[in-house]
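Single-structure report; data block below.
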Protein chains: 2
Amino acid sequence: MTPLISEIEELGQIKTFAKDEYLFSAGDKALGFYYVIRGQIRVYHLDEEAKEVEVARFGPGDILGEAVVFGGEVYPVFAAAIKNSKVLYFSKRTVLDSLDNRKISAFFIQLLAQKCIVLNQRIESLFLKTVRQRLIQYLLSKCAGQGKYTIVLDIKKVELARYLGTISETMSRNLHDLQAEGLITVKGKTIVIHDSVKMHQAG
Amino acid sequence: MTPLISEIEELGQIKTFAKDEYLFSAGDKALGFYYVIRGQIRVYHLDEEAKEVEVARFGPGDILGEAVVFGGEVYPVFAAAIKNSKVLYFSKRTVLDSLDNRKISAFFIQLLAQKCIVLNQRIESLFLKTVRQRLIQYLLSKCAGQGKYTIVLDIKKVELARYLGTISETMSRNLHDLQAEGLITVKGKTIVIHDSVKMHQAG
DNA sequence: ATAAAAAATTGACATATGTCAAAGAACAGT
DNA sequence: ACTGTTCTTTGACATATGTCAATTTTTTAT
């Protein structure tokens with residue numbers, strides 16, 4: 001989620017993509033990037049057996065492709081809409097020509113810097129050895145402070161599993177264990193954390 | 001490795017750090033970042049048992065701390081020199097005041113964008129299931145094209161193991177296996193890849 | 001050269017995790 | 001409400017990996 005500033009909004013042009021339509025393909029020259037207004041974008045690449053492996057998903061308020069536009073040559077992945085989507089498209093030329101504007105350049109510097117920080121956190125959490133630890137950390141990251149919290153997952157559990165670097169079966173078992181230990185209550189997509197402090201200790 | 005441009009070099013001030021001296025500590029306000037001229041900087045954080053966990057290492061030509069300066073508030077980690085080191089220090093104020101200069105802002109945008117790309121690649125490689133796959137990918141990344149290659153590790157094997165998200169024992173066994181399969185020859189820090197194509201297939 | 005310290009390898013072993021398969025639960029469309 | 005589809009959970013099982021401990025190799029210092 002990144003709110004745009006008006007100076008930048010003006011640079012973009014509105015585009016719409018129907019469900020399953022491509023924004024770009026791997027290998028395409030990176031000529032522009034996208035701000036999602038409405039809908040959802042799936043980013044994936046193909047493995048050896050030409051099977052799609054999802055690497056990220058972007059929704060309203062997210063920006064995608066900017067790192068490649070500013071720091072690379074060609075998109076390394078595919079991007080396709082999974083719902084009818086509305087986006088703001090920013091062409092590389094237009095944006096580069098606007099970097100004289102201090103507000104605009106500062107915006108992108110901050111945007112990219114924050115992305116770096118998030119990516120670094122992601123890497124660190126992948127270094128946590130067990131799925132249990134990664135799962136606990138993820139759940140705790142969804143609630144601030146201490147006490148009791150209710151989390152409602154906004155993604156499918158398969159997707160959460162992938163995000164945590166595992167598969168749904170293993171995650172399911174870990175959720176089950178945490179529940180058996182009395183740390184959480186799971187009901188469909190709703191997860192109640194009974195005590196975030198105890199939860200943290202259990203990691 | 002990032003070569004500086006003269007406009008930016010002028011903004012920095014030379015500082016030296018003795019072996020084991022701190023550049024900054026976790027929790028410190030992020031008031032500036034560093035370009036390493038000579039020496040080596042260890043970046044780490046402390047786990048629950050107050051044990052140091054290294055997360056990165058920076059050498060000549062590397063820039064550290066810039067993402068936090070541009071996109072955060074406080075350093076999330078510790079940084080200390082592991083050799084006597086010479087660096088260029090850039091204060092946040094000085095750099096922010098210089099973003100009117102198009103060349104300077106473009107430099108940082110590209111720098112951060114490329115870092116994002118590298119971090120994304122890192123995340124993707126951590127998603128490769130087995131240590132074997134990650135090791136093979138790492139070795140292949142060290143040699144371009146196809147054919148026979150000789151790699152000389154410039155880091156300790158424990159460090160490479162950590163980088164790959166594993167421990168030295170497991171890496172050692174995997175190197176042994178690859179050698180037994182005739183794919184590589186290991187002699188100390190020197191690793192010879194006999195055929196990068198076969199190597200790739202073995203992943 | 002020799003001794004001491006650090007790094008790397010190897011073995012034995014427990015276990016968390018992925019794979020395969022099947023059963024249950026939640027969901028969407030008619 | 002019913003039916004087909006998708007998502008989730010559970011079980012049985014093989015295995016890659018981390019842990020602990022011992023040994024060998026390499027590096028460093030005297």
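Identifiers in the structure tokens: chain A, B, ... in order shown; residue index from 1 per chain; ligand index from 1 in order shown.
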**Request:** Give the alpha helix (DSSP H) residues of region 8-193 of chain B, as assigned by DSSP on the backbone, as an MDAnalysis selection string.
**Result:** chainID B and resid 8:9 66:71 92:97 102:126 131:141 157:163 168:180
**Prompt:** Which residues, written as a list in words, have at least one atom at most 10 Å from region 27-31 of chain B, with only C-alpha atoms (C1' of nucleotides) counted and residues fewer than 3 positions away on the same chain left out?
**Reply:**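 The residues that qualify are Phe24, Gly65, Glu66, Ala67, Val68, Val69, Phe70, Gly71, Gly72, Glu73, Val74, Tyr75, Pro76, Val77, Phe78, Phe90, Ser91, Lys92 and Arg93 of chain B.
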Selection export as a PDB file, in the first residue's frame, atoms kept: N, CA and C atoms:
```pdb
ATOM      1  N   PHE B  24      27.527   1.791  13.600  1.00  0.00           N
ATOM      2  CA  PHE B  24      26.280   2.172  14.272  1.00  0.00           C
ATOM      3  C   PHE B  24      25.705   0.953  14.987  1.00  0.00           C
ATOM      4  N   GLY B  65      23.435   0.970   4.549  1.00  0.00           N
ATOM      5  CA  GLY B  65      22.638   1.864   5.381  1.00  0.00           C
ATOM      6  C   GLY B  65      21.759   2.819   4.602  1.00  0.00           C
ATOM      7  N   GLU B  66      21.910   2.861   3.281  1.00  0.00           N
ATOM      8  CA  GLU B  66      21.174   3.889   2.534  1.00  0.00           C
ATOM      9  C   GLU B  66      19.672   3.630   2.518  1.00  0.00           C
ATOM     10  N   ALA B  67      19.273   2.362   2.498  1.00  0.00           N
ATOM     11  CA  ALA B  67      17.834   2.076   2.467  1.00  0.00           C
ATOM     12  C   ALA B  67      17.171   2.570   3.746  1.00  0.00           C
ATOM     13  N   VAL B  68      17.824   2.356   4.871  1.00  0.00           N
ATOM     14  CA  VAL B  68      17.255   2.793   6.155  1.00  0.00           C
ATOM     15  C   VAL B  68      17.210   4.315   6.224  1.00  0.00           C
ATOM     16  N   VAL B  69      18.257   4.960   5.732  1.00  0.00           N
ATOM     17  CA  VAL B  69      18.299   6.424   5.757  1.00  0.00           C
ATOM     18  C   VAL B  69      17.162   7.004   4.916  1.00  0.00           C
ATOM     19  N   PHE B  70      16.925   6.430   3.751  1.00  0.00           N
ATOM     20  CA  PHE B  70      15.911   6.984   2.850  1.00  0.00           C
ATOM     21  C   PHE B  70      14.498   6.489   3.160  1.00  0.00           C
ATOM     22  N   GLY B  71      14.408   5.331   3.777  1.00  0.00           N
ATOM     23  CA  GLY B  71      13.072   4.754   3.927  1.00  0.00           C
ATOM     24  C   GLY B  71      12.688   4.349   5.334  1.00  0.00           C
ATOM     25  N   GLY B  72      13.572   4.561   6.304  1.00  0.00           N
ATOM     26  CA  GLY B  72      13.263   4.147   7.666  1.00  0.00           C
ATOM     27  C   GLY B  72      13.595   5.218   8.677  1.00  0.00           C
ATOM     28  N   GLU B  73      13.674   4.816   9.917  1.00  0.00           N
ATOM     29  CA  GLU B  73      13.931   5.785  10.979  1.00  0.00           C
ATOM     30  C   GLU B  73      15.206   5.435  11.754  1.00  0.00           C
ATOM     31  N   VAL B  74      15.259   4.172  12.216  1.00  0.00           N
ATOM     32  CA  VAL B  74      16.412   3.736  13.007  1.00  0.00           C
ATOM     33  C   VAL B  74      17.039   2.501  12.362  1.00  0.00           C
ATOM     34  N   TYR B  75      18.331   2.336  12.556  1.00  0.00           N
ATOM     35  CA  TYR B  75      19.003   1.143  12.043  1.00  0.00           C
ATOM     36  C   TYR B  75      18.423  -0.079  12.741  1.00  0.00           C
ATOM     37  N   PRO B  76      18.099  -1.121  11.996  1.00  0.00           N
ATOM     38  CA  PRO B  76      17.559  -2.325  12.626  1.00  0.00           C
ATOM     39  C   PRO B  76      18.660  -3.307  13.035  1.00  0.00           C
ATOM     40  N   VAL B  77      19.907  -2.963  12.740  1.00  0.00           N
ATOM     41  CA  VAL B  77      21.023  -3.903  12.955  1.00  0.00           C
ATOM     42  C   VAL B  77      22.263  -3.174  13.483  1.00  0.00           C
ATOM     43  N   PHE B  78      23.251  -3.968  13.865  1.00  0.00           N
ATOM     44  CA  PHE B  78      24.549  -3.428  14.256  1.00  0.00           C
ATOM     45  C   PHE B  78      25.509  -3.510  13.068  1.00  0.00           C
ATOM     46  N   PHE B  90      28.085   9.639   4.396  1.00  0.00           N
ATOM     47  CA  PHE B  90      27.149  10.595   3.819  1.00  0.00           C
ATOM     48  C   PHE B  90      26.062  10.894   4.834  1.00  0.00           C
ATOM     49  N   SER B  91      25.962  12.135   5.259  1.00  0.00           N
ATOM     50  CA  SER B  91      24.916  12.471   6.219  1.00  0.00           C
ATOM     51  C   SER B  91      23.595  12.639   5.480  1.00  0.00           C
ATOM     52  N   LYS B  92      22.532  12.215   6.138  1.00  0.00           N
ATOM     53  CA  LYS B  92      21.192  12.260   5.562  1.00  0.00           C
ATOM     54  C   LYS B  92      20.866  13.672   5.087  1.00  0.00           C
ATOM     55  N   ARG B  93      21.109  14.644   5.944  1.00  0.00           N
ATOM     56  CA  ARG B  93      20.851  16.048   5.605  1.00  0.00           C
ATOM     57  C   ARG B  93      21.524  16.453   4.302  1.00  0.00           C
TER      58      ARG B  93
END
```
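Residues of chain C having any atom within 9 Å of chain A, counting only C-alpha atoms (C1' of nucleotides), are C:DA16, C:DT17, C:DG18, C:DA26.
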Just to be explicit: take each residue in the selection above, keep C-alpha atoms (C1' of nucleotides), and write the result as a PDB file, in the first residue's frame.
```pdb
ATOM      1  C1'  DA C  16      10.708 -31.540  10.635  1.00  0.00           C
ATOM      2  C1'  DT C  17       9.146 -31.343   6.159  1.00  0.00           C
ATOM      3  C1'  DG C  18       7.784 -32.740   1.438  1.00  0.00           C
ATOM      4  C1'  DA C  26     -16.270 -24.702   2.194  1.00  0.00           C
TER       5       DA C  26
END
```
Near-DA6 (chain C) list (9 Å; only C-alpha atoms (C1' of nucleotides); drop same-chain fewer than 2 positions) as a CSV table (one decimal) with N, CA and C atoms (P, O5', C5', C4', C3', O3' and C1' of nucleotides), in the first residue's frame:
```
chain,number,residue,atom,x,y,z
D,26,DT,P,44.5,-29.8,3.5
D,26,DT,O5',44.4,-28.3,4.2
D,26,DT,C5',43.2,-27.7,4.2
D,26,DT,C4',43.3,-26.4,5.1
D,26,DT,C3',44.4,-25.5,4.7
D,26,DT,O3',43.9,-24.3,4.4
D,26,DT,C1',44.3,-25.9,7.1
D,27,DT,P,44.9,-23.1,3.9
D,27,DT,O5',45.1,-22.2,5.3
D,27,DT,C5',43.9,-21.7,5.9
D,27,DT,C4',44.3,-21.1,7.3
D,27,DT,C3',45.4,-20.1,7.2
D,27,DT,O3',44.8,-18.9,7.8
D,27,DT,C1',45.8,-21.6,8.9
D,28,DT,P,45.7,-17.5,7.7
D,28,DT,O5',46.3,-17.4,9.2
D,28,DT,C5',45.4,-17.6,10.3
D,28,DT,C4',46.2,-17.6,11.6
D,28,DT,C3',47.4,-16.5,11.6
D,28,DT,O3',47.2,-15.7,12.7
D,28,DT,C1',48.2,-18.7,12.2
```
**Asked** Taking only C-alpha atoms (C1' of nucleotides) into account, which residues of chain D are within 10 Å of chain A, as a list in words?
**Response**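 Going by the stated atoms only, the list reads DC7, DT8, DT9, DT10 and DG18 of chain D.
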**Message:** Need the shell around DC20 (chain C): protein/DNA/RNA residues with any atom at most 12 Å away, counting only C-alpha atoms (C1' of nucleotides). Skip same-chain ones fewer than 2 positions apart. Format as a ChimeraX atom specification?
**Reply:** /A:169 /C:18,22 /D:11-14
Which residues are close to Thr150 (chain B), i.e. within 10 Å by only C-alpha atoms (C1' of nucleotides), leaving aside same-chain residues fewer than 4 positions away? Reply as a short mmCIF file (atom, residue, chain, number, x, y, z; two decimals) with C-alpha atoms, in the first residue's frame.
```cif
data_model
loop_
_atom_site.label_atom_id
_atom_site.label_comp_id
_atom_site.auth_asym_id
_atom_site.auth_seq_id
_atom_site.Cartn_x
_atom_site.Cartn_y
_atom_site.Cartn_z
CA LEU B 139 27.95 -22.02 -8.24
CA LYS B 142 29.56 -17.50 -10.46
CA CYS B 143 30.21 -18.57 -14.03
CA ILE B 184 32.70 -30.80 -9.72
CA THR B 185 36.15 -31.08 -8.20
CA VAL B 186 36.68 -29.52 -4.80
CA THR B 190 38.82 -23.96 -5.30
CA ILE B 191 35.86 -25.55 -7.03
CA VAL B 192 36.00 -26.67 -10.64
CA ILE B 193 32.74 -27.08 -12.50
CA HIS B 194 33.26 -29.65 -15.21
#
```
**Close residues, DA22 (chain D) itself excluded, 10 Å, only C-alpha atoms (C1' of nucleotides), min 2 positions apart in chain, as an MDAnalysis selection string** = (chainID C and resid 10:11) or (chainID D and resid 20 24)
What does the file look like for those residues with C-alpha atoms (C1' of nucleotides), as an mmCIF file, in the first residue's frame?
```cif
data_model
loop_
_atom_site.group_PDB
_atom_site.id
_atom_site.type_symbol
_atom_site.label_atom_id
_atom_site.label_comp_id
_atom_site.auth_asym_id
_atom_site.auth_seq_id
_atom_site.Cartn_x
_atom_site.Cartn_y
_atom_site.Cartn_z
ATOM 1 C "C1'" DT C 10 32.715 -37.205 8.436
ATOM 2 C "C1'" DG C 11 29.630 -40.292 11.159
ATOM 3 C "C1'" DC D 20 26.026 -33.512 18.516
ATOM 4 C "C1'" DT D 24 41.150 -34.406 9.925
#
```
**Request:** From region 4-104 of chain B, collect each residue whose DSSP state is strand (DSSP E or B) and return the set as number ranges by chain.
**Result:** B: 13-17, 22-24, 29, 32-38, 41-46, 52-58, 63-64, 74, 78-81, 85-91
Would you write out, as a tab-separated table, a table of all residues in chain A that have an atom no more than 8 Å from an atom of chain B, listing for each the closest atom pair and the distance in Å to one decimal, considering only C-alpha atoms and ordering rows by chain and rising residue number?
```
residue	atom	partner	partner_atom	distance
A:Val55	CA	B:Glu124	CA	7.8
A:Glu66	CA	B:Ala113	CA	7.6
A:Ala67	CA	B:Ala113	CA	4.4
A:Val68	CA	B:Ala113	CA	6.9
A:Phe70	CA	B:Gln110	CA	5.5
A:Gly71	CA	B:Gln114	CA	4.7
A:Gly72	CA	B:Gln114	CA	6.9
A:Leu99	CA	B:Arg102	CA	6.3
A:Asp100	CA	B:Arg102	CA	5.4
A:Asn101	CA	B:Asp100	CA	7.3
A:Arg102	CA	B:Asp100	CA	5.4
A:Ser105	CA	B:Ser105	CA	6.3
A:Ala106	CA	B:Leu99	CA	7.3
A:Phe108	CA	B:Ile109	CA	6.9
A:Ile109	CA	B:Ile109	CA	5.5
A:Gln110	CA	B:Gly71	CA	5.0
A:Leu111	CA	B:Gly71	CA	7.2
A:Leu112	CA	B:Leu112	CA	5.9
A:Ala113	CA	B:Ala67	CA	4.4
A:Gln114	CA	B:Gly71	CA	4.7
A:Lys115	CA	B:Cys116	CA	7.0
A:Cys116	CA	B:Cys116	CA	5.5
A:Ile117	CA	B:Ala67	CA	6.6
A:Leu119	CA	B:Leu119	CA	6.3
A:Asn120	CA	B:Leu119	CA	7.1
A:Arg122	CA	B:Ile123	CA	7.6
A:Ile123	CA	B:Ile123	CA	6.0
A:Glu124	CA	B:Val55	CA	7.9
A:Leu126	CA	B:Leu126	CA	7.4
A:Phe127	CA	B:Gly165	CA	6.0
A:Gly165	CA	B:Phe127	CA	6.0
```
Filtering to N, CA and C atoms, could you give me those residues as a PDB file, in the first residue's frame?
```pdb
ATOM      1  N   VAL A  55       5.120 -15.634  -7.688  1.00  0.00           N
ATOM      2  CA  VAL A  55       6.120 -15.060  -6.781  1.00  0.00           C
ATOM      3  C   VAL A  55       5.587 -13.865  -6.012  1.00  0.00           C
ATOM      4  N   GLU A  66       8.480  -1.145 -10.818  1.00  0.00           N
ATOM      5  CA  GLU A  66       9.304   0.064 -10.773  1.00  0.00           C
ATOM      6  C   GLU A  66      10.783  -0.249 -10.580  1.00  0.00           C
ATOM      7  N   ALA A  67      11.088  -1.295  -9.812  1.00  0.00           N
ATOM      8  CA  ALA A  67      12.497  -1.615  -9.589  1.00  0.00           C
ATOM      9  C   ALA A  67      13.167  -2.010 -10.907  1.00  0.00           C
ATOM     10  N   VAL A  68      12.473  -2.791 -11.723  1.00  0.00           N
ATOM     11  CA  VAL A  68      13.048  -3.222 -12.997  1.00  0.00           C
ATOM     12  C   VAL A  68      13.195  -2.036 -13.941  1.00  0.00           C
ATOM     13  N   PHE A  70      13.700   1.097 -13.166  1.00  0.00           N
ATOM     14  CA  PHE A  70      14.767   2.000 -12.739  1.00  0.00           C
ATOM     15  C   PHE A  70      16.128   1.324 -12.661  1.00  0.00           C
ATOM     16  N   GLY A  71      16.137   0.011 -12.493  1.00  0.00           N
ATOM     17  CA  GLY A  71      17.421  -0.630 -12.228  1.00  0.00           C
ATOM     18  C   GLY A  71      17.741  -1.805 -13.128  1.00  0.00           C
ATOM     19  N   GLY A  72      16.846  -2.133 -14.062  1.00  0.00           N
ATOM     20  CA  GLY A  72      17.092  -3.297 -14.910  1.00  0.00           C
ATOM     21  C   GLY A  72      16.819  -3.000 -16.373  1.00  0.00           C
ATOM     22  N   LEU A  99      12.299  13.632 -13.160  1.00  0.00           N
ATOM     23  CA  LEU A  99      13.111  13.510 -11.954  1.00  0.00           C
ATOM     24  C   LEU A  99      13.761  14.822 -11.535  1.00  0.00           C
ATOM     25  N   ASP A 100      13.653  15.836 -12.377  1.00  0.00           N
ATOM     26  CA  ASP A 100      14.126  17.157 -11.984  1.00  0.00           C
ATOM     27  C   ASP A 100      13.306  17.662 -10.806  1.00  0.00           C
ATOM     28  N   ASN A 101      12.047  17.295 -10.820  1.00  0.00           N
ATOM     29  CA  ASN A 101      11.157  17.683  -9.730  1.00  0.00           C
ATOM     30  C   ASN A 101      11.561  16.952  -8.455  1.00  0.00           C
ATOM     31  N   ARG A 102      11.978  17.701  -7.506  1.00  0.00           N
ATOM     32  CA  ARG A 102      12.503  17.165  -6.262  1.00  0.00           C
ATOM     33  C   ARG A 102      11.499  16.276  -5.535  1.00  0.00           C
ATOM     34  N   SER A 105      11.360  12.840  -7.365  1.00  0.00           N
ATOM     35  CA  SER A 105      12.507  11.963  -7.139  1.00  0.00           C
ATOM     36  C   SER A 105      12.540  11.488  -5.689  1.00  0.00           C
ATOM     37  N   ALA A 106      12.211  12.384  -4.762  1.00  0.00           N
ATOM     38  CA  ALA A 106      12.198  11.982  -3.350  1.00  0.00           C
ATOM     39  C   ALA A 106      11.175  10.874  -3.117  1.00  0.00           C
ATOM     40  N   PHE A 108      10.186   8.524  -5.207  1.00  0.00           N
ATOM     41  CA  PHE A 108      10.648   7.229  -5.690  1.00  0.00           C
ATOM     42  C   PHE A 108      11.810   6.700  -4.853  1.00  0.00           C
ATOM     43  N   ILE A 109      12.643   7.592  -4.373  1.00  0.00           N
ATOM     44  CA  ILE A 109      13.733   7.148  -3.512  1.00  0.00           C
ATOM     45  C   ILE A 109      13.172   6.517  -2.243  1.00  0.00           C
ATOM     46  N   GLN A 110      12.185   7.170  -1.668  1.00  0.00           N
ATOM     47  CA  GLN A 110      11.596   6.622  -0.455  1.00  0.00           C
ATOM     48  C   GLN A 110      10.880   5.296  -0.741  1.00  0.00           C
ATOM     49  N   LEU A 111      10.150   5.275  -1.852  1.00  0.00           N
ATOM     50  CA  LEU A 111       9.425   4.066  -2.236  1.00  0.00           C
ATOM     51  C   LEU A 111      10.368   2.873  -2.352  1.00  0.00           C
ATOM     52  N   LEU A 112      11.459   3.065  -3.097  1.00  0.00           N
ATOM     53  CA  LEU A 112      12.402   1.976  -3.313  1.00  0.00           C
ATOM     54  C   LEU A 112      13.114   1.601  -2.022  1.00  0.00           C
ATOM     55  N   ALA A 113      13.439   2.597  -1.209  1.00  0.00           N
ATOM     56  CA  ALA A 113      14.127   2.324   0.049  1.00  0.00           C
ATOM     57  C   ALA A 113      13.249   1.474   0.958  1.00  0.00           C
ATOM     58  N   GLN A 114      11.975   1.809   1.022  1.00  0.00           N
ATOM     59  CA  GLN A 114      11.076   1.041   1.866  1.00  0.00           C
ATOM     60  C   GLN A 114      10.911  -0.376   1.334  1.00  0.00           C
ATOM     61  N   LYS A 115      10.911  -0.504   0.011  1.00  0.00           N
ATOM     62  CA  LYS A 115      10.817  -1.848  -0.548  1.00  0.00           C
ATOM     63  C   LYS A 115      12.034  -2.670  -0.150  1.00  0.00           C
ATOM     64  N   CYS A 116      13.202  -2.062  -0.186  1.00  0.00           N
ATOM     65  CA  CYS A 116      14.425  -2.755   0.233  1.00  0.00           C
ATOM     66  C   CYS A 116      14.297  -3.241   1.670  1.00  0.00           C
ATOM     67  N   ILE A 117      13.784  -2.381   2.531  1.00  0.00           N
ATOM     68  CA  ILE A 117      13.649  -2.753   3.939  1.00  0.00           C
ATOM     69  C   ILE A 117      12.712  -3.948   4.087  1.00  0.00           C
ATOM     70  N   LEU A 119      11.964  -6.193   1.821  1.00  0.00           N
ATOM     71  CA  LEU A 119      12.585  -7.381   1.246  1.00  0.00           C
ATOM     72  C   LEU A 119      13.623  -7.963   2.195  1.00  0.00           C
ATOM     73  N   ASN A 120      14.366  -7.094   2.855  1.00  0.00           N
ATOM     74  CA  ASN A 120      15.348  -7.578   3.817  1.00  0.00           C
ATOM     75  C   ASN A 120      14.688  -8.298   4.975  1.00  0.00           C
ATOM     76  N   ARG A 122      11.907  -9.830   4.822  1.00  0.00           N
ATOM     77  CA  ARG A 122      11.423 -11.079   4.241  1.00  0.00           C
ATOM     78  C   ARG A 122      12.541 -12.119   4.236  1.00  0.00           C
ATOM     79  N   ILE A 123      13.708 -11.710   3.796  1.00  0.00           N
ATOM     80  CA  ILE A 123      14.850 -12.626   3.738  1.00  0.00           C
ATOM     81  C   ILE A 123      15.185 -13.138   5.128  1.00  0.00           C
ATOM     82  N   GLU A 124      15.197 -12.221   6.087  1.00  0.00           N
ATOM     83  CA  GLU A 124      15.515 -12.627   7.446  1.00  0.00           C
ATOM     84  C   GLU A 124      14.531 -13.665   7.963  1.00  0.00           C
ATOM     85  N   LEU A 126      12.822 -15.749   6.246  1.00  0.00           N
ATOM     86  CA  LEU A 126      13.010 -17.032   5.570  1.00  0.00           C
ATOM     87  C   LEU A 126      14.171 -17.810   6.174  1.00  0.00           C
ATOM     88  N   PHE A 127      15.037 -17.100   6.896  1.00  0.00           N
ATOM     89  CA  PHE A 127      16.172 -17.765   7.512  1.00  0.00           C
ATOM     90  C   PHE A 127      15.779 -18.445   8.816  1.00  0.00           C
ATOM     91  N   GLY A 165       7.150 -20.072   2.540  1.00  0.00           N
ATOM     92  CA  GLY A 165       8.170 -20.969   2.031  1.00  0.00           C
ATOM     93  C   GLY A 165       7.886 -22.422   2.338  1.00  0.00           C
TER      94      GLY A 165
END
```
